[in-house]
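S.K.: Sharing a structure here in structure tokens format.
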Amino acid sequence: MAEYTLYCFAQSGNAYKAALMLNLCGADWTPRFVDYFNGETRTPAYRAINEMGEVPVLEFGARRLSQSGVILDYLAARFGKFGPTNEEERREILRWTLFDNHKLTSYTATLRFMMSLAKTGETPVTEFLRQRATTAFGILNNHLAKSRFAIGERPTTADFSMCGYLYWPDEFGVSWSDYPNIGRWLGDIKALPGWEHPYTLMPGHPLPAKA
Ligand SMILES: N[C@@H](CCC(=O)N[C@@H](CS)C(=O)NCC(=O)O)C(=O)O
């Protein structure tokens with residue numbers, strides 16, 4: 001049995017943050033497919049696993065952790081990789097992880113869900129989400145003009161948090177040629193040993209066609 005089990009599914013960028021970190025750390029882990037699209041996260045059985053009703057959940061021994069930021073923080077300490085080396089770095093990683101959860105992933109994930117999974121087409125809601133997401137892309141793009149990775153010249157969990165949804169630009173109608181520093185940075189993460197695309201790292205892709 002693997003040391004770590006990750007509750008996840010291929011289309012979840014939030015789960016990808018944890019899956020990518022596990023792979024980059026060379027952890028002994030296995031995915032546990034969560035059937036989100038058929039409502040598994042809303043079942044009492046799943047709420048007993050995670051009261052927040054979300055993936056990712058990282059299970060090891062008798063313990064379970066949820067929230068990708070917490071999982072990333074735990075794994076960085078456990079493996080001694082991609083974490084802070086001093087208090088200032090700890091705060092910088094936290095700063096970009098919070099920015100990601102609030103301003104980057106939240107809008108991007110919802111926009112992508114509506115465009116690519118719910119297939120609503122462009123609506124006033126997607127227009128609002130696109131405006132918020134592209135504002136966050138602009139902020140990140142400007143920041144990455146100053147340093148190779150989020151907090152300097154080496155990759156940290158802040159990068160793995162922020163890249164969660166960004167390997168699917170076609171699914172929310174953005175081209176990284178409009179944000180060249182983001183495109184360069186995603187390439188640098190992709191070059192790390194152990195990197196894999198979310199659709200190959202986690203189970204559930206492609207979605208079965210609707211009957
Ligand atoms: N802030 C959370 C977000 C997790 C999240 O939103 N997960 C989605 C899938 S990407 C989910 O499980 N949603 C289930 C639901 O809302 O019912 C994290 O970073 O782990």
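In the structure tokens, chains take the letters A, B, ... in the order shown, each chain's residues start at 1, and ligands count up from 1 in the order shown.
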Using only C-alpha atoms and all ligand atoms, what does the table of chain A residues within 7 Å of ligand 1 look like, with each row giving the shortest atom pair and its distance in Å to one decimal, sorted by chain and ascending number, as a tab-separated table?
M.R.:
```
residue	atom	partner	partner_atom_place_in_ligand_line	distance
A:Ser12	CA	ligand 1	10 (S)	4.0
A:Gly13	CA	ligand 1	10 (S)	5.6
A:Asn14	CA	ligand 1	10 (S)	4.8
A:Ala15	CA	ligand 1	10 (S)	6.4
A:Tyr36	CA	ligand 1	14 (C)	6.8
A:Thr41	CA	ligand 1	17 (O)	5.4
A:Arg42	CA	ligand 1	17 (O)	6.0
A:Gly53	CA	ligand 1	14 (C)	5.6
A:Glu54	CA	ligand 1	12 (O)	3.1
A:Val55	CA	ligand 1	12 (O)	4.0
A:Pro56	CA	ligand 1	20 (O)	5.5
A:Ser66	CA	ligand 1	20 (O)	6.2
A:Gln67	CA	ligand 1	20 (O)	3.4
A:Ser68	CA	ligand 1	20 (O)	3.9
A:Gly69	CA	ligand 1	19 (O)	5.9
A:Asn101	CA	ligand 1	1 (N)	6.0
```
S.K.: Show which residues sit within 8 Å of region 90-94 of chain A, as an NGL selection string. Count only C-alpha atoms, and ignore same-chain residues fewer than 3 positions away.
M.R.: :A and (83-87 or 97-98 or 150-151 or 156-158)
S.K.: Neighbours of Leu140 (chain A) within 10 Å (only C-alpha atoms; same-chain residues fewer than 4 positions away dropped), as a ChimeraX atom specification?
M.R.: /A:96,99-100,104,134-136,144-145,150,162,179,181-182
S.K.: Between A:Thr108, A:Gln11, A:Thr126, A:Thr43, which is the closest to Pro203 (chain A) once you count only C-alpha atoms?
M.R.: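 For Pro203 (chain A), the nearest of the given residues is A:Gln11.
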S.K.: Taking only C-alpha atoms into account, which of A:Ser175, A:Thr5, A:Thr110, A:Thr123 comes nearest Leu65 (chain A)?
M.R.: A:Thr5
S.K.: Using only C-alpha atoms, which residue out of A:Gly164, A:Gly173, A:Gly121, A:Pro180 lies closest to Asn142 (chain A)?
M.R.: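 The closest residue to Asn142 (chain A) is A:Pro180.
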S.K.: Skipping near chain neighbours, those fewer than 6 positions away, what residues fall within 7 Å of Phe9 (chain A) using only C-alpha atoms, listed as a JSON list (two decimals) with C-alpha atoms, in the first residue's frame?
M.R.:
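Contents of part-v4.json, as written:
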```json
[["chain", "number", "residue", "atom", "x", "y", "z"],
["A", 33, "PHE", "CA", -10.65, 8.75, -8.00],
["A", 34, "VAL", "CA", -13.50, 10.93, -6.69],
["A", 202, "MET", "CA", -4.80, 11.93, -12.08],
["A", 203, "PRO", "CA", -7.60, 9.56, -13.14],
["A", 204, "GLY", "CA", -10.84, 10.55, -14.91]]
```
S.K.: As an exercise, work out the distance from CA of Leu24 (chain A) to CA of Trp195 (chain A) in Å and give it to one decimal place.
M.R.: 6.4 Å
S.K.: From a DSSP pass on the backbone, collect the residues of region 13-204 of chain A flagged as strand (DSSP E or B) and hand them back as an mmCIF file with C-alpha atoms, in the first residue's frame.
M.R.:
```
data_model
loop_
_atom_site.group_PDB
_atom_site.id
_atom_site.type_symbol
_atom_site.label_atom_id
_atom_site.label_comp_id
_atom_site.auth_asym_id
_atom_site.auth_seq_id
_atom_site.Cartn_x
_atom_site.Cartn_y
_atom_site.Cartn_z
ATOM 1 C CA TRP A 29 1.466 7.936 -3.557
ATOM 2 C CA THR A 30 -1.595 6.658 -5.279
ATOM 3 C CA PRO A 31 -4.658 8.519 -6.549
ATOM 4 C CA ARG A 32 -8.161 7.662 -5.307
ATOM 5 C CA PHE A 33 -10.648 8.752 -7.996
ATOM 6 C CA VAL A 57 -7.734 15.202 0.458
ATOM 7 C CA LEU A 58 -4.386 13.664 1.379
ATOM 8 C CA GLU A 59 -4.621 10.503 3.458
ATOM 9 C CA PHE A 60 -1.701 8.891 5.256
ATOM 10 C CA ARG A 63 -4.619 11.162 9.128
ATOM 11 C CA ARG A 64 -6.382 13.213 6.485
ATOM 12 C CA LEU A 65 -5.586 16.728 5.327
ATOM 13 C CA SER A 66 -7.689 18.963 3.110
ATOM 14 C CA PHE A 149 9.580 31.723 -9.846
ATOM 15 C CA GLY A 152 12.773 34.040 -6.366
#
```
S.K.: From the set A:Ala209, A:Leu129, A:Ala48, A:Leu72, which residue has the shortest atom-to-atom contact distance to Phe113 (chain A), counting only C-alpha atoms?
M.R.: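 Nearest to Phe113 (chain A): A:Leu129.
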S.K.: Rounded to one decimal, what separation in Å do you get between CA of Arg95 (chain A) and CA of Lys190 (chain A)?
M.R.: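 Atom-to-atom, CA of Arg95 (chain A) to CA of Lys190 (chain A), that is 22.8 Å.
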S.K.: CA of Ala19 (chain A) to CA of Lys146 (chain A): how many Å, to one decimal?
M.R.: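 Separation between CA of Ala19 (chain A) and CA of Lys146 (chain A): 27.7 Å.
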S.K.: Using DSSP on the backbone coordinates, identify the residues of region 25-176 of chain A assigned to alpha helix (DSSP H); present them as JSON, numbers by chain.
M.R.: {"A": [44, 45, 46, 47, 48, 49, 68, 69, 70, 71, 72, 73, 74, 75, 76, 77, 78, 79, 87, 88, 89, 90, 91, 92, 93, 94, 95, 96, 97, 98, 99, 105, 106, 107, 108, 109, 110, 111, 112, 124, 125, 126, 127, 128, 129, 130, 131, 132, 133, 134, 135, 136, 137, 138, 139, 140, 141, 142, 143, 157, 158, 159, 160, 161, 162]}
S.K.: Put those residues in a file: C-alpha atoms, as a tab-separated table (two decimals), in the first residue's frame.
M.R.:
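Output file again.tsv is given in full below:
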```tsv
chain	number	residue	atom	x	y	z
A	44	PRO	CA	-22.66	11.79	3.37
A	45	ALA	CA	-19.93	9.18	2.88
A	46	TYR	CA	-17.63	11.76	1.28
A	47	ARG	CA	-18.56	14.45	3.83
A	48	ALA	CA	-17.31	11.99	6.46
A	49	ILE	CA	-13.95	12.01	4.65
A	68	SER	CA	-4.38	22.26	-1.15
A	69	GLY	CA	-2.40	25.00	0.61
A	70	VAL	CA	-2.26	22.97	3.81
A	71	ILE	CA	-1.30	19.81	1.92
A	72	LEU	CA	1.49	21.66	0.09
A	73	ASP	CA	2.76	23.08	3.37
A	74	TYR	CA	2.71	19.63	5.00
A	75	LEU	CA	4.52	17.96	2.07
A	76	ALA	CA	7.19	20.68	1.91
A	77	ALA	CA	8.01	20.06	5.58
A	78	ARG	CA	7.78	16.28	5.22
A	79	PHE	CA	10.12	16.06	2.21
A	87	GLU	CA	10.65	33.40	7.96
A	88	GLU	CA	10.62	35.90	5.13
A	89	GLU	CA	10.26	33.12	2.54
A	90	ARG	CA	7.54	31.50	4.65
A	91	ARG	CA	5.52	34.72	4.50
A	92	GLU	CA	6.15	35.19	0.76
A	93	ILE	CA	5.00	31.63	0.00
A	94	LEU	CA	1.91	32.23	2.13
A	95	ARG	CA	1.27	35.58	0.42
A	96	TRP	CA	1.24	34.08	-3.09
A	97	THR	CA	-0.69	31.00	-1.97
A	98	LEU	CA	-3.40	33.22	-0.51
A	99	PHE	CA	-3.42	35.38	-3.65
A	105	THR	CA	-7.57	29.90	-8.89
A	106	SER	CA	-11.02	30.90	-7.67
A	107	TYR	CA	-11.97	32.91	-10.76
A	108	THR	CA	-10.01	30.80	-13.25
A	109	ALA	CA	-11.47	27.52	-11.99
A	110	THR	CA	-15.03	28.83	-12.07
A	111	LEU	CA	-14.58	30.38	-15.52
A	112	ARG	CA	-13.09	27.15	-16.82
A	124	PRO	CA	-22.56	38.05	-18.13
A	125	VAL	CA	-21.24	35.67	-15.46
A	126	THR	CA	-18.35	34.40	-17.61
A	127	GLU	CA	-17.64	37.98	-18.65
A	128	PHE	CA	-17.32	38.97	-14.98
A	129	LEU	CA	-15.16	35.93	-14.17
A	130	ARG	CA	-12.94	36.53	-17.22
A	131	GLN	CA	-12.35	40.12	-16.17
A	132	ARG	CA	-11.36	39.03	-12.64
A	133	ALA	CA	-9.19	36.14	-13.90
A	134	THR	CA	-7.36	38.25	-16.47
A	135	THR	CA	-6.66	40.91	-13.84
A	136	ALA	CA	-5.00	38.19	-11.75
A	137	PHE	CA	-3.05	36.95	-14.82
A	138	GLY	CA	-1.78	40.49	-15.35
A	139	ILE	CA	-0.60	40.76	-11.75
A	140	LEU	CA	1.18	37.40	-11.93
A	141	ASN	CA	2.67	38.18	-15.35
A	142	ASN	CA	4.14	41.45	-14.03
A	143	HIS	CA	5.51	39.72	-10.94
A	157	THR	CA	4.83	25.39	-3.27
A	158	ALA	CA	3.56	28.88	-4.18
A	159	ASP	CA	4.31	28.05	-7.83
A	160	PHE	CA	2.56	24.70	-7.64
A	161	SER	CA	-0.48	26.35	-6.09
A	162	MET	CA	-0.69	29.07	-8.74
```
S.K.: Need to verify the contact set: Leu201 (chain A), 8 Å, only C-alpha atoms, exclusion of same-chain residues closer than 5 positions in sequence. Can you return it as a ChimeraX atom specification?
M.R.: /A:10,16,19-20,196
S.K.: Could you write those residues out with C-alpha atoms, as a short mmCIF file (atom, residue, chain, number, x, y, z; two decimals), in the first residue's frame?
M.R.:
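Below is the file result.cif, written as the result:
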```
data_model
loop_
_atom_site.label_atom_id
_atom_site.label_comp_id
_atom_site.auth_asym_id
_atom_site.auth_seq_id
_atom_site.Cartn_x
_atom_site.Cartn_y
_atom_site.Cartn_z
CA ALA A 10 -8.25 14.65 -13.48
CA TYR A 16 -3.38 18.85 -9.31
CA ALA A 19 -0.59 15.61 -7.09
CA LEU A 20 2.17 17.61 -8.76
CA GLU A 196 3.24 15.58 -15.56
#
```
S.K.: Looking at A:Ala62, A:Cys8, A:His102, A:Glu3, which one is nearest to Tyr199 (chain A), with distances taken over only C-alpha atoms?
M.R.: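 Ranking A:Ala62, A:Cys8, A:His102, A:Glu3 by distance to Tyr199 (chain A), first place goes to A:Cys8.
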S.K.: Pick out the residues sitting within 9 Å of Arg148 (chain A), and hand them over as a PyMOL selection string; count only C-alpha atoms, and ignore anything fewer than 6 positions along from it in its own chain.
M.R.: chain A and resi 154-155+181+184-185+188
